[in-house]
>>> print(open('entry_21.cif').read())   # mmCIF, C-alpha atoms and all ligand atoms
data_structure
#
loop_
_atom_site.label_atom_id
_atom_site.label_comp_id
_atom_site.auth_asym_id
_atom_site.auth_seq_id
_atom_site.Cartn_x
_atom_site.Cartn_y
_atom_site.Cartn_z
CA MET S 1086 24.14 1.70 13.31
CA PRO S 1087 23.38 4.88 11.36
CA ASP S 1088 22.10 7.84 13.35
CA THR S 1089 18.35 8.38 13.44
CA LEU S 1090 18.22 12.09 12.69
CA ILE S 1091 14.44 12.49 12.85
CA LYS S 1092 12.32 10.53 15.29
CA VAL S 1093 8.53 10.44 15.40
CA ASP S 1094 6.29 9.47 18.31
CA LEU S 1095 3.15 7.86 16.91
CA SER S 1096 1.27 8.57 20.14
CA GLN S 1097 1.69 12.33 19.57
CA SER S 1098 0.29 14.73 16.99
CA PRO S 1099 2.75 15.43 14.16
CA THR S 1100 2.05 19.13 14.68
CA LEU S 1101 4.03 18.89 17.95
CA ASN S 1102 7.11 17.69 16.05
CA GLU S 1103 9.30 20.48 14.65
CA ASN S 1104 11.08 18.12 12.25
CA ILE S 1105 7.82 17.60 10.33
CA HIS S 1106 6.16 19.84 7.72
CA ASN S 1107 3.12 19.60 5.43
CA ARG S 1108 3.75 22.34 2.85
CA TRP S 1109 6.56 23.11 0.39
CA HIS S 1110 8.27 26.45 0.96
CA PRO S 1111 11.92 27.57 0.67
CA ASP S 1112 11.80 29.31 4.07
CA ILE S 1113 11.13 26.13 6.07
CA PRO S 1114 14.33 25.83 8.15
CA MET S 1115 16.40 22.67 7.79
CA ALA S 1116 15.49 20.11 10.44
CA CYS S 1117 19.11 18.90 10.49
CA TRP S 1118 22.29 18.97 8.38
CA VAL S 1119 24.39 16.15 6.95
CA ASN S 1120 27.52 15.86 4.82
CA PRO S 1121 27.66 14.35 1.33
CA GLY S 1122 28.39 10.64 1.78
CA ASP S 1123 26.54 10.37 5.10
CA ASP S 1124 23.96 7.68 5.67
CA PHE S 1125 21.23 8.16 8.27
CA VAL S 1126 17.68 7.19 9.22
CA LEU S 1127 14.56 9.34 9.15
CA GLU S 1128 11.40 8.11 10.83
CA THR S 1129 8.07 9.14 9.33
CA PHE S 1130 4.43 9.35 10.30
CA ASP S 1131 1.94 7.82 7.91
CA TRP S 1132 0.80 10.54 5.50
CA THR S 1133 -2.25 11.46 7.65
CA GLY S 1134 -0.17 11.78 10.82
CA GLY S 1135 -2.03 8.97 12.56
CA PHE S 1136 -5.57 10.15 11.78
CA ILE S 1137 -6.58 6.84 10.17
CA LYS S 1138 -6.90 4.10 12.78
CA ASN S 1139 -6.56 0.32 12.79
CA ASN S 1140 -10.26 -0.42 13.32
CA ASP S 1141 -13.36 -1.55 11.42
CA SER S 1142 -14.93 1.81 10.59
CA ALA S 1143 -14.35 4.11 7.61
CA ASP S 1144 -15.59 7.20 9.46
CA ASP S 1145 -12.03 8.48 9.77
CA VAL S 1146 -11.53 8.23 5.99
CA ARG S 1147 -14.84 10.06 5.50
CA ASP S 1148 -14.11 12.79 8.05
CA ILE S 1149 -10.41 13.55 7.54
CA ASP S 1150 -9.43 17.20 7.00
CA LEU S 1151 -7.42 16.76 3.81
CA THR S 1152 -5.77 20.18 4.15
CA THR S 1153 -3.65 18.72 6.98
CA VAL S 1154 -1.67 16.28 4.81
CA HIS S 1155 1.01 15.09 3.98
CA TYR S 1156 3.20 15.03 7.08
CA LEU S 1157 6.80 14.87 5.85
CA SER S 1158 10.05 14.33 7.71
CA GLY S 1159 12.66 16.99 6.97
CA PRO S 1160 13.90 19.06 5.36
CA VAL S 1161 17.40 17.60 5.62
CA GLY S 1162 20.13 20.06 4.64
CA VAL S 1163 23.10 18.67 2.72
CA LYS S 1164 26.27 20.71 3.17
CA GLY S 1165 27.63 22.09 -0.08
CA ALA S 1166 24.45 21.50 -2.12
CA GLU S 1167 23.69 24.44 -4.42
CA PRO S 1168 20.99 25.23 -6.98
CA GLY S 1169 21.69 23.34 -10.21
CA ASP S 1170 23.25 20.33 -8.49
CA LEU S 1171 21.73 16.89 -8.42
CA LEU S 1172 21.16 15.38 -4.99
CA ILE S 1173 21.78 11.64 -5.21
CA VAL S 1174 19.69 9.67 -2.73
CA ASP S 1175 20.31 5.98 -2.17
CA LEU S 1176 17.29 4.36 -0.49
CA LEU S 1177 19.33 1.82 1.47
CA ASP S 1178 16.37 0.32 3.28
CA ILE S 1179 12.80 1.15 4.29
CA GLY S 1180 10.56 -0.48 6.88
CA ALA S 1181 7.48 -0.18 9.05
CA LYS S 1182 7.77 1.16 12.60
CA PRO S 1183 8.07 -1.90 14.84
CA ASP S 1184 5.27 -0.55 17.06
CA SER S 1185 2.97 -0.11 14.05
CA LEU S 1186 3.00 -3.25 11.88
CA TRP S 1187 -0.08 -2.43 9.85
CA GLY S 1188 -1.23 -0.12 7.07
CA PHE S 1189 -4.44 1.21 5.60
CA ASN S 1190 -6.04 1.55 2.21
CA GLY S 1191 -9.29 3.28 1.42
CA PHE S 1192 -11.42 5.36 -0.90
CA PHE S 1193 -12.40 8.91 0.00
CA SER S 1194 -15.96 10.13 -0.13
CA LYS S 1195 -16.65 11.92 -3.39
CA LYS S 1196 -17.52 14.94 -1.21
CA ASN S 1197 -14.16 14.85 0.57
CA GLY S 1198 -11.28 13.95 -1.69
CA GLY S 1199 -12.85 11.73 -4.33
CA GLY S 1200 -10.42 9.75 -6.46
CA PHE S 1201 -9.82 7.91 -9.71
CA LEU S 1202 -12.99 5.76 -9.50
CA THR S 1203 -15.03 8.09 -7.28
CA ASP S 1204 -18.13 7.93 -9.50
CA HIS S 1205 -18.22 4.18 -8.87
CA PHE S 1206 -17.19 4.34 -5.19
CA PRO S 1207 -18.65 7.62 -3.91
CA GLN S 1208 -18.63 6.70 -0.21
CA ALA S 1209 -15.74 6.29 2.20
CA GLN S 1210 -14.41 2.75 2.63
CA LYS S 1211 -11.34 1.30 4.28
CA SER S 1212 -9.30 -1.89 4.51
CA ILE S 1213 -6.60 -2.63 7.07
CA TRP S 1214 -3.53 -4.63 6.05
CA ASP S 1215 -1.35 -6.45 8.57
CA ILE S 1216 2.38 -6.47 7.91
CA GLU S 1217 3.91 -9.89 8.58
CA GLY S 1218 7.62 -9.50 7.78
CA LEU S 1219 7.89 -9.41 3.99
CA TYR S 1220 4.19 -10.08 3.49
CA THR S 1221 0.82 -8.46 4.00
CA ARG S 1222 -2.80 -9.58 4.13
CA SER S 1223 -6.07 -7.97 5.16
CA ARG S 1224 -8.93 -9.10 7.38
CA HIS S 1225 -11.20 -7.04 5.10
CA VAL S 1226 -10.00 -8.52 1.79
CA PRO S 1227 -9.56 -12.31 2.18
CA GLY S 1228 -7.88 -14.66 -0.25
CA VAL S 1229 -4.94 -12.51 -1.21
CA SER S 1230 -1.46 -11.84 0.16
CA PHE S 1231 1.73 -10.51 -1.35
CA ALA S 1232 5.26 -9.38 -0.64
CA GLY S 1233 5.81 -5.67 -0.06
CA LEU S 1234 7.44 -3.41 -2.61
CA ILE S 1235 8.16 -0.77 0.01
CA HIS S 1236 8.62 2.79 -1.20
CA PRO S 1237 8.12 6.41 -0.21
CA GLY S 1238 5.07 7.84 -1.98
CA LEU S 1239 6.55 11.27 -1.49
CA ILE S 1240 10.16 12.45 -1.59
CA GLY S 1241 11.80 15.59 -2.97
CA CYS S 1242 13.72 18.79 -2.32
CA LEU S 1243 12.48 22.26 -1.40
CA PRO S 1244 11.55 24.60 -4.25
CA ASP S 1245 13.07 28.06 -4.51
CA GLN S 1246 10.81 31.11 -4.37
CA LYS S 1247 10.64 31.41 -8.17
CA MET S 1248 9.53 27.81 -8.63
CA LEU S 1249 7.04 28.07 -5.76
CA ASP S 1250 5.52 31.22 -7.27
CA MET S 1251 5.20 29.42 -10.62
CA TRP S 1252 3.44 26.45 -9.00
CA ASN S 1253 1.03 28.71 -7.13
CA LYS S 1254 0.17 30.72 -10.23
CA ARG S 1255 -0.38 27.83 -12.60
CA GLU S 1256 -2.49 25.89 -10.09
CA SER S 1257 -4.65 28.85 -9.03
CA ASP S 1258 -5.17 29.74 -12.72
CA PHE S 1259 -6.25 26.14 -13.30
CA VAL S 1260 -8.70 26.09 -10.38
CA ALA S 1261 -10.20 29.33 -11.72
CA THR S 1262 -11.31 27.46 -14.86
CA ASP S 1263 -13.87 25.49 -12.79
CA PRO S 1264 -13.83 26.79 -9.21
CA LYS S 1265 -16.94 24.94 -8.01
CA ARG S 1266 -15.91 21.47 -9.16
CA VAL S 1267 -16.44 18.55 -6.73
CA PRO S 1268 -13.86 17.15 -6.12
CA PRO S 1269 -11.78 20.28 -6.82
CA LEU S 1270 -9.28 20.56 -9.69
CA CYS S 1271 -6.42 21.08 -7.20
CA ALA S 1272 -6.17 20.30 -3.50
CA ASP S 1273 -7.62 23.08 -1.33
CA ASN S 1274 -5.19 25.18 0.63
CA ASN S 1275 -5.74 26.34 4.20
CA PRO S 1276 -2.98 28.36 5.91
CA THR S 1277 -4.37 27.49 9.35
CA THR S 1278 -3.51 23.79 8.94
CA ALA S 1279 0.01 24.46 7.62
CA HIS S 1280 2.72 22.89 9.77
CA LEU S 1281 6.14 24.33 8.96
CA GLY S 1282 8.70 22.59 11.10
CA LYS S 1283 10.98 24.99 12.93
CA ALA S 1284 9.64 28.13 11.20
CA THR S 1285 8.50 30.89 13.55
CA GLY S 1286 7.16 34.45 13.46
CA ALA S 1287 6.92 36.35 10.20
CA ALA S 1288 8.75 33.63 8.24
CA ARG S 1289 6.21 31.09 9.44
CA ALA S 1290 3.27 33.33 8.49
CA LYS S 1291 4.74 33.87 5.00
CA ALA S 1292 5.34 30.15 4.50
CA ALA S 1293 1.81 29.33 5.70
CA ALA S 1294 0.29 31.83 3.27
CA GLU S 1295 2.40 30.84 0.26
CA GLY S 1296 3.32 27.20 0.92
CA ALA S 1297 2.39 24.75 -1.81
CA ARG S 1298 0.26 21.74 -0.95
CA THR S 1299 2.14 18.44 -1.04
CA VAL S 1300 -0.54 16.63 -3.06
CA PRO S 1301 0.61 16.83 -6.70
CA PRO S 1302 3.89 15.59 -8.07
CA ARG S 1303 5.82 18.52 -9.52
CA GLU S 1304 9.19 19.30 -11.11
CA HIS S 1305 11.02 18.44 -7.88
CA GLY S 1306 9.43 15.00 -7.62
CA GLY S 1307 7.26 15.19 -4.52
CA ASN S 1308 4.15 13.04 -4.36
CA CYS S 1309 4.89 10.85 -7.39
CA ASP S 1310 3.60 7.61 -5.84
CA ILE S 1311 5.89 5.47 -7.99
CA LYS S 1312 5.78 1.94 -6.67
CA ASP S 1313 9.15 1.08 -8.25
CA LEU S 1314 10.92 3.90 -6.41
CA SER S 1315 11.46 1.24 -3.78
CA ARG S 1316 14.15 0.38 -1.25
CA GLY S 1317 17.38 -0.17 -3.13
CA SER S 1318 16.65 2.61 -5.64
CA LYS S 1319 19.02 5.46 -6.42
CA ILE S 1320 17.36 8.80 -7.16
CA TYR S 1321 18.78 11.99 -8.70
CA PHE S 1322 16.88 15.05 -7.49
CA PRO S 1323 17.17 18.58 -8.89
CA VAL S 1324 18.42 21.05 -6.25
CA TYR S 1325 16.88 24.53 -6.10
CA VAL S 1326 18.04 25.95 -2.74
CA ASP S 1327 21.31 25.96 -0.82
CA GLY S 1328 21.40 22.74 1.21
CA ALA S 1329 18.81 21.07 -1.08
CA GLY S 1330 16.28 20.46 1.75
CA LEU S 1331 15.30 16.82 1.25
CA SER S 1332 12.01 15.64 2.76
CA VAL S 1333 10.33 12.26 2.71
CA GLY S 1334 7.07 10.68 3.90
CA ASP S 1335 3.92 8.89 2.80
CA LEU S 1336 5.55 5.46 3.04
CA HIS S 1337 3.77 2.61 1.25
CA PHE S 1338 4.22 -1.05 2.09
CA SER S 1339 2.86 -1.85 -1.38
CA GLN S 1340 0.90 -0.16 -4.16
CA GLY S 1341 -0.48 -0.90 -7.60
CA ASP S 1342 0.52 1.39 -10.47
CA GLY S 1343 -1.58 4.53 -10.36
CA GLU S 1344 -2.41 4.35 -6.63
CA ILE S 1345 -5.96 4.22 -7.97
CA THR S 1346 -7.62 3.97 -4.54
CA PHE S 1347 -6.23 7.41 -3.54
CA CYS S 1348 -6.75 7.02 0.23
CA GLY S 1349 -3.55 5.49 -0.33
CA ALA S 1350 -1.68 2.42 -1.20
CA ILE S 1351 -0.93 0.40 1.92
CA GLU S 1352 -0.13 3.49 3.96
CA MET S 1353 2.18 3.09 6.92
CA ALA S 1354 4.36 4.85 9.45
CA GLY S 1355 7.98 3.79 9.18
CA TRP S 1356 11.60 4.66 8.66
CA VAL S 1357 13.92 5.28 5.73
CA HIS S 1358 17.65 4.56 5.81
CA MET S 1359 19.31 6.62 3.10
CA ARG S 1360 22.64 7.95 1.88
CA VAL S 1361 23.03 11.31 0.16
CA SER S 1362 25.72 12.62 -2.17
CA LEU S 1363 26.06 15.40 -4.74
CA LEU S 1364 26.59 15.62 -8.47
CA LYS S 1365 27.75 19.22 -8.85
CA GLY S 1366 26.07 21.12 -11.68
CA GLY S 1367 24.27 17.92 -12.64
CA MET S 1368 21.02 19.52 -13.78
CA ALA S 1369 22.70 21.29 -16.73
CA LYS S 1370 25.20 18.47 -17.38
CA TYR S 1371 22.40 15.96 -17.95
CA GLY S 1372 19.56 18.27 -19.04
CA ILE S 1373 17.46 17.28 -16.04
CA LYS S 1374 14.19 19.02 -15.21
CA ASN S 1375 12.42 16.26 -13.25
CA PRO S 1376 14.08 13.59 -11.10
CA ILE S 1377 15.47 10.40 -12.62
CA PHE S 1378 16.12 7.18 -10.77
CA LYS S 1379 17.57 3.68 -10.95
CA PRO S 1380 15.32 0.86 -9.71
CA SER S 1381 16.04 -1.53 -6.88
CA PRO S 1382 17.85 -4.82 -7.58
CA ILE S 1383 15.19 -6.46 -5.39
CA THR S 1384 11.53 -6.74 -6.39
CA PRO S 1385 8.89 -9.40 -5.66
CA THR S 1386 9.05 -11.99 -8.45
CA TYR S 1387 5.48 -12.20 -9.63
CA ASN S 1388 5.88 -13.22 -13.23
CA ASP S 1389 2.47 -14.53 -14.21
CA TYR S 1390 -0.24 -12.00 -14.93
CA LEU S 1391 -3.77 -11.72 -16.19
CA ILE S 1392 -3.73 -8.56 -18.27
CA PHE S 1393 -6.82 -6.40 -18.72
CA GLU S 1394 -7.11 -4.03 -21.66
CA GLY S 1395 -8.89 -0.68 -21.61
CA ILE S 1396 -9.52 1.82 -24.39
CA SER S 1397 -10.40 5.49 -24.34
CA VAL S 1398 -14.13 4.93 -24.64
CA ASP S 1399 -15.55 5.67 -21.21
CA GLU S 1400 -17.98 3.57 -19.18
CA TYR S 1401 -20.89 5.63 -20.53
CA GLY S 1402 -19.95 4.90 -24.16
CA LYS S 1403 -18.42 8.30 -24.89
CA GLN S 1404 -15.46 8.50 -27.26
CA HIS S 1405 -12.32 10.27 -25.96
CA TYR S 1406 -9.26 11.17 -28.03
CA LEU S 1407 -6.19 9.10 -27.06
CA ASP S 1408 -6.95 9.66 -23.37
CA VAL S 1409 -4.85 7.26 -21.28
CA HIS S 1410 -6.62 8.29 -18.08
CA VAL S 1411 -9.93 7.06 -19.52
CA ALA S 1412 -8.28 3.96 -20.97
CA TYR S 1413 -6.61 2.97 -17.68
CA ARG S 1414 -9.89 3.52 -15.85
CA GLN S 1415 -11.57 1.07 -18.22
CA ALA S 1416 -8.80 -1.50 -17.68
CA CYS S 1417 -9.28 -1.16 -13.91
CA LEU S 1418 -13.08 -1.43 -14.15
CA ASN S 1419 -12.70 -4.52 -16.33
CA ALA S 1420 -10.44 -6.15 -13.72
CA ILE S 1421 -12.91 -5.29 -10.94
CA GLU S 1422 -15.80 -6.91 -12.86
CA TYR S 1423 -13.69 -10.01 -13.38
CA LEU S 1424 -12.70 -10.35 -9.71
CA LYS S 1425 -16.33 -9.94 -8.61
CA LYS S 1426 -17.04 -13.30 -10.28
CA PHE S 1427 -14.91 -14.99 -7.59
CA GLY S 1428 -17.03 -13.54 -4.77
CA TYR S 1429 -15.21 -10.28 -4.10
CA SER S 1430 -17.27 -7.14 -3.61
CA ALA S 1431 -16.45 -4.35 -6.04
CA ALA S 1432 -14.78 -2.52 -3.14
CA GLN S 1433 -12.53 -5.47 -2.30
CA ALA S 1434 -11.52 -5.86 -5.94
CA HIS S 1435 -10.79 -2.13 -6.13
CA SER S 1436 -8.69 -2.37 -2.97
CA ILE S 1437 -6.62 -5.22 -4.44
CA LEU S 1438 -5.82 -3.10 -7.50
CA GLY S 1439 -4.75 -0.21 -5.27
CA THR S 1440 -2.56 -2.26 -2.94
CA ALA S 1441 -1.08 -5.28 -4.73
CA PRO S 1442 1.96 -4.97 -7.04
CA VAL S 1443 -0.32 -4.47 -10.05
CA GLN S 1444 1.38 -3.04 -13.13
CA GLY S 1445 -0.17 -0.37 -15.33
CA HIS S 1446 1.12 0.18 -18.84
CA ILE S 1447 0.46 2.77 -21.48
CA SER S 1448 0.24 0.36 -24.36
CA GLY S 1449 -0.74 2.55 -27.32
CA VAL S 1450 -1.15 6.30 -27.76
CA VAL S 1451 -1.18 6.69 -31.54
CA ASP S 1452 -4.04 4.61 -32.94
CA ILE S 1453 -6.64 7.33 -33.29
CA PRO S 1454 -9.02 7.78 -31.64
CA ASN S 1455 -8.36 5.16 -28.96
CA ALA S 1456 -5.52 5.00 -26.50
CA CYS S 1457 -4.95 1.55 -25.03
CA ALA S 1458 -3.89 1.00 -21.42
CA THR S 1459 -3.33 -2.33 -19.74
CA LEU S 1460 -3.59 -3.45 -16.15
CA TRP S 1461 -1.40 -6.41 -15.20
CA LEU S 1462 -2.87 -8.39 -12.33
CA PRO S 1463 -0.40 -10.86 -10.75
CA THR S 1464 -2.13 -14.24 -10.49
CA GLN S 1465 0.23 -15.63 -7.82
CA ILE S 1466 -1.00 -13.28 -5.07
CA PHE S 1467 -4.34 -15.10 -4.81
CA ASP S 1468 -5.05 -18.12 -2.60
CA PHE S 1469 -7.04 -19.59 -5.52
CA ASP S 1470 -6.77 -19.86 -9.29
CA ILE S 1471 -8.13 -16.78 -11.05
CA ASN S 1472 -7.36 -17.95 -14.60
CA PRO S 1473 -10.28 -18.41 -17.00
CA CYS S 1474 -11.33 -22.02 -17.53
CA ALA S 1475 -14.18 -23.91 -19.19
CA ALA S 1476 -15.95 -24.61 -15.89
CA GLY S 1477 -16.16 -20.91 -15.12
CA PRO S 1478 -15.08 -19.08 -11.96
CA THR S 1479 -15.36 -20.82 -8.59
CA LYS S 1480 -16.68 -18.52 -5.91
CA PHE S 1481 -13.90 -18.46 -3.35
CA LEU S 1482 -15.69 -15.95 -1.12
CA ASP S 1483 -19.27 -16.00 0.11
CA GLY S 1484 -19.71 -12.26 0.67
CA SER S 1485 -19.77 -12.53 4.47
CA ILE S 1486 -16.67 -10.33 4.82
CA ASP S 1487 -16.46 -6.87 3.27
CA MET S 1488 -14.72 -3.56 3.76
CA PRO S 1489 -16.25 -1.09 6.24
CA LEU S 1490 -18.29 1.61 4.48
CA SER S 1491 -19.40 4.92 5.93
CA PRO S 1492 -22.39 6.69 4.41
CA ASP S 1493 -21.93 10.40 3.87
CA LEU S 1494 -23.10 12.71 6.63
CA VAL S 1495 -26.20 14.69 5.69
ZN ZN S 1501 0.37 7.41 0.15
#
>>> encode(input="entry_21.cif", output="structure tokens", more="lines below")
Ligand code: ZN
Amino acid sequence: MPDTLIKVDLSQSPTLNENIHNRWHPDIPMACWVNPGDDFVLETFDWTGGFIKNNDSADDVRDIDLTTVHYLSGPVGVKGAEPGDLLIVDLLDIGAKPDSLWGFNGFFSKKNGGGFLTDHFPQAQKSIWDIEGLYTRSRHVPGVSFAGLIHPGLIGCLPDQKMLDMWNKRESDFVATDPKRVPPLCADNNPTTAHLGKATGAARAKAAAEGARTVPPREHGGNCDIKDLSRGSKIYFPVYVDGAGLSVGDLHFSQGDGEITFCGAIEMAGWVHMRVSLLKGGMAKYGIKNPIFKPSPITPTYNDYLIFEGISVDEYGKQHYLDVHVAYRQACLNAIEYLKKFGYSAAQAHSILGTAPVQGHISGVVDIPNACATLWLPTQIFDFDINPCAAGPTKFLDGSIDMPLSPDLV
């Protein structure tokens, strides 16, 4: 059995665990050290550190302090790693914690987090998904189940001071272009909720003041939320500091492309079994700025899809120029409208797109003025036939079950 180098106790706050951190900073001390070629296990909290509960209320999604996330396990130091190397990470296996065989999906309130479809779903909602071996289903979203494509939403190495300073400058300059926006242009920072592993004293204060939020993906990878970065993948990460400092968290049992629901995919606490090795000087050798990876040999074999098109004309009729964000939003909204015809609420349909192994494709970006994006909805995940037919859709659901919704506090 490989050694479990980082353990988490789900009954305790992640802030009591000195092998956990929620900011990126080069001065966060390594939680542990390994040699190239070693394989080992890291346990992880869910990204909220246990704040979201397995219950039938969305109040926790509404009320969460989003400056506390994400809780990451690490950083793991790799002996001999130097800036300019590539850290090769084999994701040998990933699973849920045996004492926590469930995950959550939700939509944040527009006033606290927002999200991709926040104008259509402005209030907090939540669905709970039970993990049954390979499969998952939800008491809040009947009629659908699928095999997990388990992956870390967030994985990457520590930045050096120069890269951190660049991130902080470009993001604060960006926020300054529209500082009052709701939701904000970048995730708010709050040094008082920074948790910095083993850092103490002046180093801790510096890291709390300067540490980058873990929300956006950046040059080092980080919170990329790539569903295909799943167990069995091999990833090549740029190294910026001695020892590399690899951290991982935000495990997803499953997710649709885009993680459009934003209060996650199917978010879970779990463990990652990985092996690390080094490709010396690999960044320059291969011209690598952002991570590259090889996919897993194992993926759920859903091979029949209903594919929804979207173009860069928004839901209010406004023309946008080759905007794939607008186009993908339209594809998603079109799929939600379609699924409503079978008895799903809009929220349930939205949750399916955020959790199931839905594919998103950028289909065309040159045919001015409209980009075209497509959303591929696997038909085999449903307990009933969702294909169009002459008789029209049969209502599989009667509306008696829906996702918990929490009105905003006034
Ligand atoms: Zn996540």
>>> residues_near_ligand(input="entry_21.cif", ligand="ligand ZN 1501 (chain S)", cutoff="8 Å", atoms="all atoms listed in the file", output="list in words")
Asp1131, Trp1132, Pro1237, Gly1238, Leu1239, Asp1310, Asp1335, Leu1336, His1337, Glu1344, Phe1347, Cys1348, Gly1349, Ala1350, Ile1351 and Glu1352 of chain S
>>> closest_atom_pairs(input="entry_21.cif", of="segment 1113-1185 of chain S", to="segment 1233-1236 of chain S", cutoff="9 Å", atoms="all atoms listed in the file", output="tab-separated table")
residue	atom	partner	partner_atom	distance
S:Leu1176	CA	S:His1236	CA	8.8
S:Asp1178	CA	S:Ile1235	CA	8.9
S:Ile1179	CA	S:Ile1235	CA	6.6
S:Gly1180	CA	S:Ile1235	CA	7.3
>>> closest_residue(input="entry_21.cif", among="S:Lys1182, S:His1110, S:Arg1298, S:His1280", to="Phe1338 of chain S", atoms="all atoms listed in the file")
S:Lys1182
>>> residues_around(input="entry_21.cif", residues="Ile1091 of chain S", least_positions_apart="3", cutoff="9 Å", atoms="all atoms listed in the file", output="PyMOL selection string")
chain S and resi 1088+1104-1105+1116-1117+1126-1129+1158-1159
>>> write_last_selection(input="entry_21.cif", atoms="C-alpha atoms", output="PDB file, keeping the file's coordinate frame")
ATOM      1  CA  ASP S1088      22.100   7.840  13.350  1.00  0.00           C
ATOM      2  CA  ASN S1104      11.080  18.120  12.250  1.00  0.00           C
ATOM      3  CA  ILE S1105       7.820  17.600  10.330  1.00  0.00           C
ATOM      4  CA  ALA S1116      15.490  20.110  10.440  1.00  0.00           C
ATOM      5  CA  CYS S1117      19.110  18.900  10.490  1.00  0.00           C
ATOM      6  CA  VAL S1126      17.680   7.190   9.220  1.00  0.00           C
ATOM      7  CA  LEU S1127      14.560   9.340   9.150  1.00  0.00           C
ATOM      8  CA  GLU S1128      11.400   8.110  10.830  1.00  0.00           C
ATOM      9  CA  THR S1129       8.070   9.140   9.330  1.00  0.00           C
ATOM     10  CA  SER S1158      10.050  14.330   7.710  1.00  0.00           C
ATOM     11  CA  GLY S1159      12.660  16.990   6.970  1.00  0.00           C
TER      12      GLY S1159
END
>>> residues_near_point(input="entry_21.cif", point="(20.2, 20.1, 4.0)", cutoff="6 Å", atoms="all atoms listed in the file", output="list in words")
Met1115, Trp1118, Val1161, Gly1162, Val1163, Gly1328, Ala1329 and Gly1330 of chain S
>>> residues_around(input="entry_21.cif", residues="Asp1123 of chain S", least_positions_apart="3", cutoff="7 Å", atoms="all atoms listed in the file", output="number ranges by chain")
S: 1119-1120, 1360-1361
>>> write_last_selection(input="entry_21.cif", atoms="C-alpha atoms", output="PDB file, in the frame of the given file")
ATOM      1  CA  VAL S1119      24.390  16.150   6.950  1.00  0.00           C
ATOM      2  CA  ASN S1120      27.520  15.860   4.820  1.00  0.00           C
ATOM      3  CA  ARG S1360      22.640   7.950   1.880  1.00  0.00           C
ATOM      4  CA  VAL S1361      23.030  11.310   0.160  1.00  0.00           C
TER       5      VAL S1361
END
>>> residues_around(input="entry_21.cif", residues="Val1398 of chain S", least_positions_apart="5", cutoff="7 Å", atoms="only C-alpha atoms", output="PyMOL selection string")
chain S and resi 1403-1405+1411-1412
>>> residues_around(input="entry_21.cif", residues="segment 1205-1220 of chain S", least_positions_apart="3", cutoff="9 Å", atoms="all atoms listed in the file", output="PyMOL selection string")
chain S and resi 1138-1148+1181+1185-1197+1199-1200+1202+1223-1226+1230-1234+1338+1348+1351+1431-1433+1436+1487-1493
>>> closest_residue(input="entry_21.cif", among="S:Ala1294, S:Met1368, S:Asp1124, S:Ala1166", to="Asn1275 of chain S", atoms="all atoms listed in the file")
S:Ala1294
>>> atom_distance(input="entry_21.cif", atom1="atom CA of Asn1107 of chain S", atom2="atom CA of His1155 of chain S")
5.2 Å
>>> closest_residue(input="entry_21.cif", among="S:Asp1470, S:Asp1273, S:Asp1204, S:Asp1250", to="Phe1427 of chain S", atoms="only C-alpha atoms")
S:Asp1470
>>> residues_around(input="entry_21.cif", residues="Cys1242 of chain S", least_positions_apart="6", cutoff="8 Å", atoms="all atoms listed in the file", output="list of chain:residue names")
S:Pro1160, S:His1305, S:Gly1306, S:Gly1307, S:Phe1322, S:Pro1323, S:Val1324, S:Tyr1325, S:Ala1329, S:Gly1330, S:Leu1331, S:Ser1332
>>> atom_distance(input="entry_21.cif", atom1="atom CA of Leu1171 of chain S", atom2="atom CA of Asp1313 of chain S")
20.2 Å
>>> residues_near_point(input="entry_21.cif", point="(6.0, 19.5, -8.0)", cutoff="10 Å", atoms="only C-alpha atoms", output="PDB file with C-alpha atoms, keeping the file's coordinate frame")
ATOM      1  CA  TRP S1109       6.560  23.110   0.390  1.00  0.00           C
ATOM      2  CA  GLY S1241      11.800  15.590  -2.970  1.00  0.00           C
ATOM      3  CA  CYS S1242      13.720  18.790  -2.320  1.00  0.00           C
ATOM      4  CA  LEU S1243      12.480  22.260  -1.400  1.00  0.00           C
ATOM      5  CA  PRO S1244      11.550  24.600  -4.250  1.00  0.00           C
ATOM      6  CA  MET S1248       9.530  27.810  -8.630  1.00  0.00           C
ATOM      7  CA  LEU S1249       7.040  28.070  -5.760  1.00  0.00           C
ATOM      8  CA  TRP S1252       3.440  26.450  -9.000  1.00  0.00           C
ATOM      9  CA  ALA S1297       2.390  24.750  -1.810  1.00  0.00           C
ATOM     10  CA  ARG S1298       0.260  21.740  -0.950  1.00  0.00           C
ATOM     11  CA  THR S1299       2.140  18.440  -1.040  1.00  0.00           C
ATOM     12  CA  VAL S1300      -0.540  16.630  -3.060  1.00  0.00           C
ATOM     13  CA  PRO S1301       0.610  16.830  -6.700  1.00  0.00           C
ATOM     14  CA  PRO S1302       3.890  15.590  -8.070  1.00  0.00           C
ATOM     15  CA  ARG S1303       5.820  18.520  -9.520  1.00  0.00           C
ATOM     16  CA  GLU S1304       9.190  19.300 -11.110  1.00  0.00           C
ATOM     17  CA  HIS S1305      11.020  18.440  -7.880  1.00  0.00           C
ATOM     18  CA  GLY S1306       9.430  15.000  -7.620  1.00  0.00           C
ATOM     19  CA  GLY S1307       7.260  15.190  -4.520  1.00  0.00           C
ATOM     20  CA  ASN S1308       4.150  13.040  -4.360  1.00  0.00           C
ATOM     21  CA  CYS S1309       4.890  10.850  -7.390  1.00  0.00           C
ATOM     22  CA  ASN S1375      12.420  16.260 -13.250  1.00  0.00           C
TER      23      ASN S1375
END
>>> decode(input="entry_21.cif", residues="segment 1308-1313 of chain S", atoms="C-alpha atoms", output="CSV table (one decimal), in the first residue's frame")
chain,number,residue,atom,x,y,z
S,1308,ASN,CA,-8.5,25.5,-10.8
S,1309,CYS,CA,-9.0,24.4,-14.4
S,1310,ASP,CA,-12.0,22.2,-13.7
S,1311,ILE,CA,-11.2,19.9,-16.7
S,1312,LYS,CA,-13.4,16.9,-16.5
S,1313,ASP,CA,-11.1,14.8,-18.7
